[in-house]
file query.cif (mmCIF, C-alpha atoms and all ligand atoms)
data_start
loop_
_atom_site.label_atom_id
_atom_site.label_comp_id
_atom_site.auth_asym_id
_atom_site.auth_seq_id
_atom_site.Cartn_x
_atom_site.Cartn_y
_atom_site.Cartn_z
CA MET A 651 -40.99 25.60 27.91
CA ARG A 652 -40.88 23.27 30.89
CA HIS A 653 -44.47 22.19 30.26
CA LYS A 654 -43.73 21.39 26.64
CA THR A 655 -40.78 19.21 27.63
CA PHE A 656 -42.93 17.33 30.11
CA VAL A 657 -45.58 16.63 27.45
CA GLY A 658 -42.85 15.56 25.03
CA GLN A 659 -41.51 13.00 27.49
CA VAL A 660 -44.95 11.53 28.07
CA VAL A 661 -45.54 11.17 24.36
CA ASN A 662 -42.06 9.85 23.57
CA LEU A 663 -41.66 7.20 26.24
CA PRO A 664 -44.07 4.62 24.72
CA HIS A 665 -42.58 5.45 21.33
CA ILE A 666 -39.10 4.57 22.51
CA LEU A 667 -40.35 1.35 24.10
CA LEU A 668 -42.20 0.41 20.93
CA SER A 669 -39.10 1.02 18.78
CA PHE A 670 -37.09 -1.13 21.14
CA VAL A 671 -39.57 -4.02 20.87
CA ILE A 672 -39.58 -3.74 17.07
CA LEU A 673 -35.79 -3.77 17.00
CA LEU A 674 -35.74 -6.91 19.15
CA LEU A 675 -38.30 -8.64 16.91
CA VAL A 676 -36.40 -7.71 13.72
CA GLY A 677 -33.15 -8.84 15.34
CA ASN A 678 -34.65 -12.22 16.19
CA ALA A 679 -36.30 -12.69 12.82
CA PHE A 680 -32.98 -12.32 10.98
CA GLY A 681 -30.83 -14.08 13.56
CA GLN A 682 -28.29 -12.30 15.70
CA ALA A 683 -25.25 -11.15 13.68
CA ASN A 684 -22.20 -11.72 15.85
CA TYR A 685 -19.92 -9.97 13.41
CA ASP A 686 -20.28 -6.83 11.31
CA LEU A 687 -18.09 -8.07 8.49
CA LEU A 688 -16.50 -11.34 7.45
CA LEU A 689 -13.64 -11.59 4.94
CA GLN A 690 -13.89 -15.12 3.71
CA GLY A 691 -11.29 -17.42 2.20
CA GLY A 692 -8.34 -15.04 1.78
CA HIS A 693 -4.68 -15.88 2.32
CA LEU A 694 -4.01 -14.07 5.58
CA ILE A 695 -0.52 -12.81 6.38
CA ASP A 696 0.08 -11.75 9.97
CA ALA A 697 3.79 -11.66 10.83
CA LYS A 698 3.21 -10.96 14.52
CA ASN A 699 1.16 -14.12 14.93
CA GLY A 700 3.16 -16.22 12.48
CA ILE A 701 0.21 -16.78 10.17
CA SER A 702 0.50 -17.18 6.42
CA ALA A 703 -2.43 -19.36 5.42
CA VAL A 704 -6.04 -19.34 4.24
CA ARG A 705 -8.06 -17.87 7.08
CA ASP A 706 -11.43 -16.20 7.57
CA LEU A 707 -11.31 -12.85 9.33
CA ALA A 708 -14.30 -11.54 11.29
CA ILE A 709 -14.72 -7.97 12.46
CA LYS A 710 -16.94 -6.41 15.10
CA ASP A 711 -17.14 -2.79 16.29
CA GLY A 712 -14.03 -1.79 14.37
CA GLU A 713 -11.84 -4.50 15.81
CA VAL A 714 -10.63 -7.91 14.75
CA ALA A 715 -13.07 -10.31 16.41
CA ALA A 716 -11.98 -13.73 15.13
CA VAL A 717 -9.43 -15.39 12.85
CA ALA A 718 -10.02 -19.04 12.00
CA PRO A 719 -9.84 -21.51 9.10
CA GLN A 720 -13.63 -21.25 8.84
CA ILE A 721 -16.12 -18.86 10.37
CA ASP A 722 -19.87 -19.39 9.90
CA PRO A 723 -21.02 -16.85 7.28
CA ALA A 724 -24.44 -16.74 8.97
CA SER A 725 -22.77 -15.11 11.95
CA ALA A 726 -21.89 -11.98 9.98
CA LEU A 727 -24.00 -9.07 8.81
CA LYS A 728 -21.86 -8.79 5.68
CA VAL A 729 -19.69 -11.41 3.99
CA VAL A 730 -17.07 -10.61 1.35
CA ASN A 731 -15.41 -13.42 -0.55
CA VAL A 732 -11.70 -12.64 -0.85
CA SER A 733 -10.45 -16.03 -2.00
CA GLY A 734 -7.40 -15.78 -4.22
CA LEU A 735 -6.39 -12.53 -2.50
CA TYR A 736 -4.01 -11.67 0.30
CA VAL A 737 -5.47 -10.29 3.50
CA THR A 738 -2.89 -8.31 5.47
CA PRO A 739 -2.85 -5.78 8.27
CA GLY A 740 -3.38 -2.27 6.93
CA LEU A 741 -0.02 -1.12 5.59
CA VAL A 742 2.07 1.13 7.82
CA ASP A 743 4.17 3.68 5.93
CA ILE A 744 6.52 5.41 8.36
CA HIS A 745 8.04 7.92 5.95
CA VAL A 746 5.60 10.31 4.26
CA HIS A 747 5.14 14.06 3.89
CA VAL A 748 1.57 15.14 4.52
CA TYR A 749 1.68 18.64 6.03
CA ALA A 750 -0.31 20.07 3.14
CA GLY A 751 -2.65 22.99 3.34
CA THR A 752 -0.47 25.75 4.76
CA GLY A 753 0.02 27.32 1.34
CA GLU A 754 3.77 27.63 1.80
CA ARG A 755 5.40 27.49 -1.62
CA GLY A 756 8.21 24.97 -2.24
CA SER A 757 8.07 23.64 1.33
CA TYR A 758 7.41 20.24 2.87
CA ALA A 759 5.44 22.18 5.47
CA GLY A 760 3.26 23.22 2.55
CA ASP A 761 3.02 22.61 -1.17
CA ASN A 762 5.47 19.66 -1.38
CA SER A 763 3.24 17.65 0.94
CA LEU A 764 0.08 15.69 0.05
CA TYR A 765 -3.25 15.27 1.82
CA PRO A 766 -2.95 11.70 3.11
CA ASP A 767 -6.42 10.30 2.37
CA GLY A 768 -5.96 10.81 -1.38
CA TYR A 769 -2.89 8.54 -1.47
CA THR A 770 -3.26 5.94 1.24
CA PHE A 771 -6.43 3.80 1.14
CA ARG A 772 -6.14 3.21 -2.61
CA VAL A 773 -2.89 1.31 -1.95
CA GLY A 774 -3.81 -0.46 1.30
CA VAL A 775 -2.12 2.02 3.63
CA THR A 776 -4.06 2.81 6.81
CA THR A 777 -1.33 4.38 8.98
CA VAL A 778 1.35 6.88 8.00
CA ALA A 779 4.03 8.69 9.96
CA ASP A 780 4.92 12.11 8.70
CA ALA A 781 8.70 12.35 8.60
CA GLY A 782 9.51 15.72 10.08
CA CYS A 783 7.43 18.20 8.11
CA SER A 784 6.59 19.97 11.35
CA GLY A 785 8.70 20.88 14.36
CA TRP A 786 7.60 21.87 17.85
CA ARG A 787 6.68 25.39 16.68
CA ASN A 788 4.13 24.23 14.08
CA PHE A 789 3.17 20.67 15.11
CA GLU A 790 -0.15 21.78 16.58
CA ASP A 791 -1.03 23.55 13.34
CA PHE A 792 -0.19 20.32 11.47
CA LYS A 793 -2.37 18.41 13.92
CA ASP A 794 -5.25 20.82 13.40
CA LYS A 795 -4.98 20.97 9.59
CA ILE A 796 -4.20 17.34 8.80
CA ILE A 797 -4.01 14.80 11.64
CA ASP A 798 -7.39 15.60 13.17
CA ARG A 799 -9.15 15.81 9.80
CA SER A 800 -7.83 12.65 8.13
CA LYS A 801 -9.43 9.23 7.99
CA THR A 802 -5.95 7.79 7.58
CA ARG A 803 -4.23 7.34 10.95
CA VAL A 804 -1.57 10.04 10.81
CA LEU A 805 1.34 9.93 13.26
CA ALA A 806 4.44 12.10 13.20
CA PHE A 807 8.18 12.24 13.59
CA LEU A 808 8.74 15.74 14.94
CA ASN A 809 11.53 17.64 13.22
CA ILE A 810 14.32 18.60 15.59
CA VAL A 811 14.19 21.94 13.80
CA GLY A 812 11.54 23.97 15.63
CA ALA A 813 10.23 25.44 12.36
CA GLY A 814 10.08 22.02 10.72
CA MET A 815 10.82 21.30 7.05
CA ARG A 816 10.26 24.80 5.72
CA GLY A 817 13.34 24.94 3.50
CA SER A 818 17.12 25.04 3.79
CA ARG A 819 17.25 28.42 5.52
CA TYR A 820 15.30 26.91 8.42
CA GLU A 821 16.72 23.41 8.23
CA ASN A 822 20.30 24.63 8.57
CA ASP A 823 19.65 26.94 11.49
CA LEU A 824 21.50 25.27 14.37
CA ALA A 825 19.96 27.73 16.82
CA ASP A 826 16.47 26.30 16.17
CA MET A 827 17.38 22.68 16.99
CA GLU A 828 16.50 22.56 20.68
CA ALA A 829 15.91 19.23 22.36
CA ALA A 830 13.89 20.44 25.36
CA PRO A 831 10.89 22.09 23.62
CA ALA A 832 10.83 19.27 21.06
CA ALA A 833 10.70 16.64 23.80
CA GLU A 834 8.07 18.62 25.67
CA MET A 835 5.83 18.73 22.58
CA ALA A 836 6.32 14.98 22.04
CA LEU A 837 5.35 14.22 25.62
CA ARG A 838 2.28 16.44 25.29
CA HIS A 839 1.18 14.35 22.28
CA LYS A 840 2.33 10.92 23.37
CA GLY A 841 1.51 8.22 20.88
CA LEU A 842 0.86 10.77 18.16
CA ILE A 843 4.46 11.97 17.99
CA VAL A 844 6.33 8.70 17.52
CA GLY A 845 9.86 9.97 17.06
CA PHE A 846 12.14 12.83 16.05
CA LYS A 847 13.51 13.53 12.61
CA THR A 848 16.67 15.19 11.47
CA ALA A 849 16.94 15.86 7.75
CA HIS A 850 18.56 17.80 4.94
CA TYR A 851 21.36 19.24 7.06
CA ALA A 852 24.23 20.55 4.95
CA GLY A 853 26.82 21.57 7.54
CA PRO A 854 29.72 19.63 9.10
CA GLU A 855 28.35 19.63 12.66
CA TRP A 856 26.80 16.71 14.51
CA THR A 857 24.42 19.09 16.32
CA PRO A 858 21.19 18.05 14.48
CA VAL A 859 21.80 14.36 15.20
CA GLU A 860 22.95 14.94 18.77
CA HIS A 861 20.01 17.16 19.65
CA ALA A 862 17.52 14.80 18.02
CA VAL A 863 18.95 11.91 20.05
CA GLU A 864 18.83 14.06 23.19
CA ALA A 865 15.14 14.78 22.53
CA GLY A 866 14.54 11.09 21.79
CA THR A 867 16.11 10.10 25.09
CA LEU A 868 14.00 12.65 27.00
CA ALA A 869 10.75 11.51 25.35
CA LYS A 870 11.72 7.80 25.10
CA ILE A 871 11.05 7.60 21.36
CA PRO A 872 13.30 6.87 18.35
CA VAL A 873 15.07 9.23 16.00
CA MET A 874 14.82 8.94 12.22
CA VAL A 875 17.81 10.25 10.29
CA ASP A 876 17.95 11.59 6.76
CA PHE A 877 21.68 12.20 6.87
CA GLY A 878 21.64 15.28 4.61
CA SER A 879 24.75 16.30 2.69
CA ASP A 880 27.67 13.89 2.62
CA ARG A 881 30.37 15.48 4.83
CA PRO A 882 33.75 13.94 5.67
CA GLU A 883 33.50 15.51 9.15
CA ARG A 884 30.54 13.27 9.99
CA PRO A 885 30.91 9.90 8.26
CA ILE A 886 28.06 7.38 8.18
CA ASP A 887 29.94 4.73 10.19
CA GLN A 888 30.27 7.11 13.14
CA LEU A 889 26.56 7.90 12.92
CA LEU A 890 25.59 4.23 12.96
CA THR A 891 28.14 2.87 15.42
CA ARG A 892 28.36 5.74 17.93
CA LYS A 893 25.76 8.49 17.58
CA LEU A 894 22.51 6.56 17.15
CA ARG A 895 20.90 4.38 19.79
CA PRO A 896 19.41 0.91 19.24
CA GLY A 897 15.93 1.49 17.77
CA ASP A 898 16.91 4.68 15.97
CA ILE A 899 16.14 4.61 12.26
CA TYR A 900 18.42 5.24 9.31
CA THR A 901 16.12 6.07 6.36
CA HIS A 902 17.10 6.30 2.65
CA CYS A 903 19.29 3.22 3.21
CA TYR A 904 19.64 2.42 -0.52
CA SER A 905 20.33 5.95 -1.78
CA GLY A 906 24.07 5.48 -2.10
CA LEU A 907 24.50 9.18 -1.40
CA ARG A 908 26.43 8.71 1.84
CA HIS A 909 28.69 5.72 1.14
CA GLU A 910 26.10 3.05 1.98
CA LEU A 911 28.24 0.97 -0.38
CA ASP A 912 32.03 1.37 -0.38
CA GLU A 913 34.21 1.85 -3.49
CA ASN A 914 34.27 -1.91 -4.08
CA GLY A 915 30.50 -2.17 -4.03
CA ASN A 916 30.37 -3.78 -0.60
CA VAL A 917 27.92 -2.74 2.08
CA ASN A 918 29.64 -0.19 4.34
CA PRO A 919 30.93 -2.08 7.42
CA GLY A 920 29.39 0.73 9.50
CA MET A 921 25.93 -0.32 8.25
CA ILE A 922 26.54 -3.93 9.29
CA GLU A 923 27.97 -2.86 12.65
CA GLY A 924 25.06 -0.44 13.16
CA ARG A 925 22.54 -3.19 12.48
CA LYS A 926 24.26 -5.42 15.03
CA ARG A 927 23.85 -2.60 17.56
CA GLY A 928 20.11 -2.45 16.84
CA VAL A 929 19.97 0.53 14.48
CA ILE A 930 16.97 0.15 12.13
CA PHE A 931 17.29 0.45 8.34
CA ASP A 932 14.35 1.92 6.44
CA VAL A 933 13.87 2.31 2.70
CA GLY A 934 12.44 5.87 2.37
CA HIS A 935 12.42 5.60 -1.44
CA GLY A 936 11.43 9.17 -2.34
CA SER A 937 12.36 10.84 -5.61
CA GLY A 938 16.08 10.76 -4.84
CA SER A 939 16.82 7.99 -2.39
CA PHE A 940 16.56 4.58 -4.05
CA ALA A 941 18.96 3.29 -6.71
CA TRP A 942 18.99 -0.18 -8.23
CA ARG A 943 22.79 -0.05 -8.41
CA ILE A 944 22.86 0.28 -4.61
CA ALA A 945 19.84 -1.81 -3.56
CA MET A 946 20.60 -4.81 -5.78
CA PRO A 947 24.15 -5.48 -4.52
CA ALA A 948 23.15 -4.69 -0.92
CA MET A 949 20.27 -7.17 -1.09
CA LYS A 950 22.52 -9.80 -2.72
CA GLN A 951 24.93 -9.34 0.18
CA GLY A 952 22.05 -9.95 2.57
CA PHE A 953 21.56 -6.37 3.68
CA ILE A 954 17.77 -6.29 3.62
CA PRO A 955 15.64 -3.44 5.01
CA ASP A 956 13.87 -3.61 8.36
CA SER A 957 10.99 -1.52 7.04
CA ILE A 958 9.69 -0.50 3.64
CA SER A 959 8.51 3.09 3.34
CA THR A 960 7.79 5.51 0.53
CA ASP A 961 8.96 9.04 1.38
CA LEU A 962 5.71 10.08 -0.30
CA HIS A 963 5.52 13.69 -1.49
CA VAL A 964 4.43 15.57 -4.60
CA SER A 965 7.44 14.68 -6.73
CA SER A 966 8.22 11.13 -5.55
CA MET A 967 4.72 9.88 -6.34
CA ASN A 968 5.03 10.76 -10.02
CA SER A 969 8.66 9.72 -10.46
CA GLY A 970 10.30 6.40 -9.55
CA MET A 971 8.55 5.83 -6.25
CA LYS A 972 4.80 6.12 -7.09
CA ASP A 973 3.21 4.46 -4.07
CA MET A 974 3.67 1.98 -1.22
CA LEU A 975 2.79 -1.06 -3.33
CA ASN A 976 5.31 -0.06 -6.00
CA VAL A 977 8.07 0.09 -3.38
CA MET A 978 6.97 -3.31 -2.02
CA ASP A 979 6.95 -4.66 -5.61
CA LYS A 980 10.59 -3.65 -5.96
CA PHE A 981 11.53 -5.96 -3.09
CA LEU A 982 9.48 -8.79 -4.59
CA ALA A 983 11.42 -8.15 -7.80
CA MET A 984 14.69 -8.54 -5.86
CA GLY A 985 13.57 -11.97 -4.65
CA MET A 986 11.94 -11.21 -1.30
CA SER A 987 8.84 -13.31 -0.57
CA VAL A 988 5.36 -11.79 -0.25
CA ASP A 989 5.37 -12.76 3.46
CA GLU A 990 8.64 -10.94 4.10
CA VAL A 991 7.60 -7.88 2.09
CA VAL A 992 4.33 -7.67 4.04
CA ARG A 993 6.14 -8.10 7.37
CA ARG A 994 8.36 -5.10 6.48
CA SER A 995 5.30 -3.01 5.58
CA THR A 996 3.16 -3.88 8.62
CA TRP A 997 4.48 -5.45 11.80
CA ASN A 998 8.09 -4.25 11.57
CA PRO A 999 7.28 -0.56 11.07
CA ALA A 1000 4.53 -0.73 13.73
CA ARG A 1001 7.10 -1.94 16.24
CA GLU A 1002 9.66 0.63 15.13
CA ILE A 1003 7.25 3.44 16.02
CA GLN A 1004 6.17 1.74 19.28
CA HIS A 1005 2.61 1.08 18.09
CA GLU A 1006 2.41 -2.66 18.61
CA GLU A 1007 -1.38 -2.59 18.46
CA LEU A 1008 -0.95 -1.90 14.72
CA GLY A 1009 0.49 -3.96 11.88
CA ASN A 1010 -1.13 -7.19 13.03
CA LEU A 1011 -4.49 -8.98 13.02
CA SER A 1012 -4.67 -10.24 16.60
CA VAL A 1013 -8.14 -10.44 18.10
CA GLY A 1014 -8.82 -7.02 19.60
CA ALA A 1015 -6.51 -5.16 17.21
CA PRO A 1016 -7.96 -2.26 15.21
CA ALA A 1017 -9.51 -3.76 12.07
CA ASP A 1018 -7.25 -1.91 9.64
CA VAL A 1019 -6.91 -4.35 6.77
CA ALA A 1020 -5.52 -4.43 3.24
CA VAL A 1021 -6.83 -6.90 0.66
CA LEU A 1022 -4.13 -7.26 -1.98
CA LYS A 1023 -3.90 -9.05 -5.30
CA LEU A 1024 -0.65 -10.41 -6.72
CA GLU A 1025 -0.81 -9.87 -10.45
CA THR A 1026 1.50 -11.47 -12.98
CA GLY A 1027 2.52 -9.90 -16.27
CA LYS A 1028 5.22 -7.65 -17.67
CA PHE A 1029 5.99 -4.76 -15.35
CA GLY A 1030 8.77 -2.20 -14.98
CA PHE A 1031 10.05 -0.52 -11.84
CA THR A 1032 12.13 2.63 -11.94
CA ASP A 1033 14.60 4.13 -9.48
CA MET A 1034 15.75 7.67 -8.63
CA TYR A 1035 17.87 7.88 -11.78
CA GLY A 1036 15.11 6.55 -14.05
CA ALA A 1037 16.79 3.15 -14.41
CA ARG A 1038 14.34 0.30 -14.83
CA LEU A 1039 14.13 -3.24 -13.51
CA GLN A 1040 11.69 -5.50 -15.35
CA ALA A 1041 9.75 -8.02 -13.33
CA ASN A 1042 6.64 -10.14 -13.61
CA GLN A 1043 4.82 -9.59 -10.34
CA LYS A 1044 2.90 -6.65 -9.01
CA LEU A 1045 0.68 -6.06 -6.01
CA THR A 1046 -2.57 -4.16 -6.44
CA CYS A 1047 -5.03 -3.13 -3.77
CA GLU A 1048 -8.52 -4.62 -4.05
CA MET A 1049 -9.94 -3.33 -0.81
CA THR A 1050 -8.95 -1.41 2.30
CA LEU A 1051 -10.63 -1.37 5.69
CA ARG A 1052 -10.02 1.30 8.27
CA ALA A 1053 -11.36 0.56 11.76
CA GLY A 1054 -13.55 -2.22 10.37
CA LYS A 1055 -15.13 -0.20 7.58
CA VAL A 1056 -14.59 -0.57 3.87
CA VAL A 1057 -12.94 2.69 2.79
CA TYR A 1058 -11.71 1.58 -0.64
CA ASP A 1059 -13.03 -1.14 -2.94
CA LEU A 1060 -11.44 -1.17 -6.40
CA ASN A 1061 -13.77 -3.66 -8.08
CA GLY A 1062 -16.74 -3.41 -5.77
CA ILE A 1063 -16.24 -6.87 -4.30
CA SER A 1064 -18.23 -5.77 -1.25
CA ARG A 1065 -21.07 -4.31 -3.35
CA PRO A 1066 -24.32 -5.70 -4.82
CA ASP A 1067 -24.93 -5.73 -8.58
CA TRP A 1068 -27.08 -2.77 -9.59
CA ASP A 1069 -29.59 -4.81 -11.58
CA LYS A 1070 -30.40 -7.05 -8.62
CA LEU A 1071 -31.43 -4.08 -6.48
CA PRO A 1072 -34.87 -2.47 -6.19
CA LYS A 1073 -35.69 -0.23 -9.13
CA ASN A 1074 -35.25 3.02 -7.24
CA TYR A 1075 -32.29 1.97 -5.13
CA THR A 1076 -30.41 4.64 -3.25
CA GLN A 1077 -28.14 3.42 -0.46
CA THR A 1078 -26.65 -0.07 -0.62
CA GLY A 1079 -24.43 -0.36 2.46
CA ASP A 1080 -24.68 -0.35 6.21
CA SER A 1081 -22.73 1.91 8.51
CA ARG A 1082 -21.53 -1.08 10.54
CA TRP A 1083 -19.15 -2.14 7.72
CA ASP A 1084 -19.40 0.44 4.97
CA GLY A 1085 -17.28 3.58 5.12
CA ILE A 1086 -18.04 4.59 1.53
CA THR A 1087 -21.83 4.70 1.08
CA PRO A 1088 -23.25 3.71 4.45
CA GLN A 1089 -26.99 3.35 4.82
CA ARG A 1090 -28.40 5.92 7.16
CA ARG A 1091 -29.26 4.44 10.52
CA PRO A 1092 -32.64 5.30 12.08
CA GLY A 1093 -32.40 8.74 13.59
CA GLN A 1094 -29.20 9.56 11.70
CA ARG A 1095 -29.22 12.79 9.77
CA PRO A 1096 -29.00 12.55 5.99
CA PRO A 1097 -25.57 13.34 4.53
CA VAL A 1098 -24.95 16.99 3.73
CA PRO A 1099 -24.94 17.37 -0.05
CA ALA A 1100 -21.61 18.44 -1.55
CA LYS A 1101 -21.47 22.10 -2.44
ZN ZN A 1201 11.38 12.43 3.47
#
call {"tool": "encode", "arguments": {"input": "query.cif", "output": "structure tokens"}}
result
Amino acid sequence: MRHKTFVGQVVNLPHILLSFVILLLVGNAFGQANYDLLLQGGHLIDAKNGISAVRDLAIKDGEVAAVAPQIDPASALKVVNVSGLYVTPGLVDIHVHVYAGTGERGSYAGDNSLYPDGYTFRVGVTTVADAGCSGWRNFEDFKDKIIDRSKTRVLAFLNIVGAGMRGSRYENDLADMEAAPAAEMALRHKGLIVGFKTAHYAGPEWTPVEHAVEAGTLAKIPVMVDFGSDRPERPIDQLLTRKLRPGDIYTHCYSGLRHELDENGNVNPGMIEGRKRGVIFDVGHGSGSFAWRIAMPAMKQGFIPDSISTDLHVSSMNSGMKDMLNVMDKFLAMGMSVDEVVRRSTWNPAREIQHEELGNLSVGAPADVAVLKLETGKFGFTDMYGARLQANQKLTCEMTLRAGKVVYDLNGISRPDWDKLPKNYTQTGDSRWDGITPQRRPGQRPPVPAK
């Protein structure tokens, strides 16, 4: 055995040297590519850096390498022309339900959830935060089944309920809302657990909110509140002006289910006071949490959301909500500019979950990128009650990059035409920029055929 290894080394050493020389020669012959991928001529929107202008974006090793009015196309291995399109940071959706795969019937820690990769890249989303499907008792199962297996960056608000979102029997059990083990789990998975969630509580007590805030204080992360049933014992103004801390997040802010508007149709003074204190207001559209008759007057009164999120789950995606771009479209339809809509779907939510490396296109940031098209035509947008607003603009996703690689390309703008390729073409990409059909690198094993 030892002898064989020795012989192998003797034989392989010149081989390795020869390969190295060939690589150097090939590299020189084709010029050194400084960048793996160049998105050329798009209208780049980067709220963090105050950019909304035509810019080239160059990527290297999964990170943003350069942003400039013009970058030499010869410096990139791959150039994609995105003129006429918006280039934005990968969208950050901080309210989704993606704890699928447990097999639990009728539960958000099961069948009501979706596998993230099937619903994210196709609409420009590269980061999601699960909103409380798991609690400290089942977070590590969620991590194993979903977070660690997804290409989408999956973060989580941990439910203050230890059992997570397994149904009302669990979610109303005050005895299972302990701050200490929740905080301990969050500290064990710092950066992955970005906050705590309280949701769907039906009782009159403040316990769920108070314990979530206690956990948030221990772990130094925010709390997201779905305020559950409307109870006179715990009015919304007390929640927003006394119970929550600056940086805590009130989701479902245009549901109208908890007096977000008063009887006269004015924004609840508690909402305005809460915002002054630094409480964050998030859309969380869902299947039952966004009504035109609430959102329209609130927006007209200047009460705009801090972040736009979907509350994605199996029923919202086929009802009024549909997907992240549809929720963004609704704010365009209410008069918000593309820049402001993008800010509330990238940089703002990234800051809310304390991930300031995301939601922007600074040099050195992860190259998570959405390439969006603003279409004009006749479109309709429906709310939780099935009421429609007609509008004439709609965002669609042309291409999505995750960590510098193309992971979605609607019209193949990064691809060669088939009839200009060699007759027996097989692979067309390169693993340095292509996350869909990457060419096998020397020494890389061929892909395992699908069973
Ligand atoms: Zn939700």
call {"tool": "atom_distance", "arguments": {"input": "query.cif", "atom1": "atom CA of Cys783 of chain A", "atom2": "atom CA of Tyr851 of chain A"}}
result
14.0 Å
call {"tool": "atom_distance", "arguments": {"input": "query.cif", "atom1": "atom CA of Leu842 of chain A", "atom2": "atom CA of Ile958 of chain A"}}
result
20.4 Å
call {"tool": "residues_near_point", "arguments": {"input": "query.cif", "point": "(18.5, 19.7, 8.8)", "cutoff": "10 Å", "atoms": "only C-alpha atoms", "output": "MDAnalysis selection string"}}
result
chainID A and resid 782 809:811 814:815 817:824 827 847:853 857:859 875:879
call {"tool": "atom_distance", "arguments": {"input": "query.cif", "atom1": "atom CA of Gln720 of chain A", "atom2": "atom CA of Thr1046 of chain A"}}
result
25.5 Å
call {"tool": "closest_atom_pairs", "arguments": {"input": "query.cif", "of": "segment 717-823 of chain A", "to": "segment 1080-1085 of chain A", "cutoff": "12 Å", "atoms": "all atoms listed in the file", "output": "JSON lines"}}
result
{"residue": "A:Ala726", "atom": "CA", "partner": "A:Trp1083", "partner_atom": "CA", "distance": 10.5}
{"residue": "A:Leu727", "atom": "CA", "partner": "A:Trp1083", "partner_atom": "CA", "distance": 8.5}
{"residue": "A:Lys728", "atom": "CA", "partner": "A:Trp1083", "partner_atom": "CA", "distance": 7.5}
{"residue": "A:Val729", "atom": "CA", "partner": "A:Trp1083", "partner_atom": "CA", "distance": 10.0}
{"residue": "A:Val730", "atom": "CA", "partner": "A:Trp1083", "partner_atom": "CA", "distance": 10.8}
{"residue": "A:Phe771", "atom": "CA", "partner": "A:Gly1085", "partner_atom": "CA", "distance": 11.6}
{"residue": "A:Lys801", "atom": "CA", "partner": "A:Gly1085", "partner_atom": "CA", "distance": 10.1}
call {"tool": "residues_around", "arguments": {"input": "query.cif", "residues": "Asp880 of chain A", "least_positions_apart": "5", "cutoff": "12 Å", "atoms": "all atoms listed in the file", "output": "PyMOL selection string"}}
result
chain A and resi 850-855+885-886+889+905-910
call {"tool": "write_last_selection", "arguments": {"input": "query.cif", "atoms": "C-alpha atoms", "output": "short mmCIF file (atom, residue, chain, number, x, y, z; two decimals), keeping the file's coordinate frame"}}
result
data_model
loop_
_atom_site.label_atom_id
_atom_site.label_comp_id
_atom_site.auth_asym_id
_atom_site.auth_seq_id
_atom_site.Cartn_x
_atom_site.Cartn_y
_atom_site.Cartn_z
CA HIS A 850 18.56 17.80 4.94
CA TYR A 851 21.36 19.24 7.06
CA ALA A 852 24.23 20.55 4.95
CA GLY A 853 26.82 21.57 7.54
CA PRO A 854 29.72 19.63 9.10
CA GLU A 855 28.35 19.63 12.66
CA PRO A 885 30.91 9.90 8.26
CA ILE A 886 28.06 7.38 8.18
CA LEU A 889 26.56 7.90 12.92
CA SER A 905 20.33 5.95 -1.78
CA GLY A 906 24.07 5.48 -2.10
CA LEU A 907 24.50 9.18 -1.40
CA ARG A 908 26.43 8.71 1.84
CA HIS A 909 28.69 5.72 1.14
CA GLU A 910 26.10 3.05 1.98
#
call {"tool": "closest_residue", "arguments": {"input": "query.cif", "among": "A:Gln888, A:Gln1077, A:Thr901, A:Gln1040", "to": "ligand ZN 1201 (chain A)", "atoms": "all atoms listed in the file"}}
result
A:Thr901
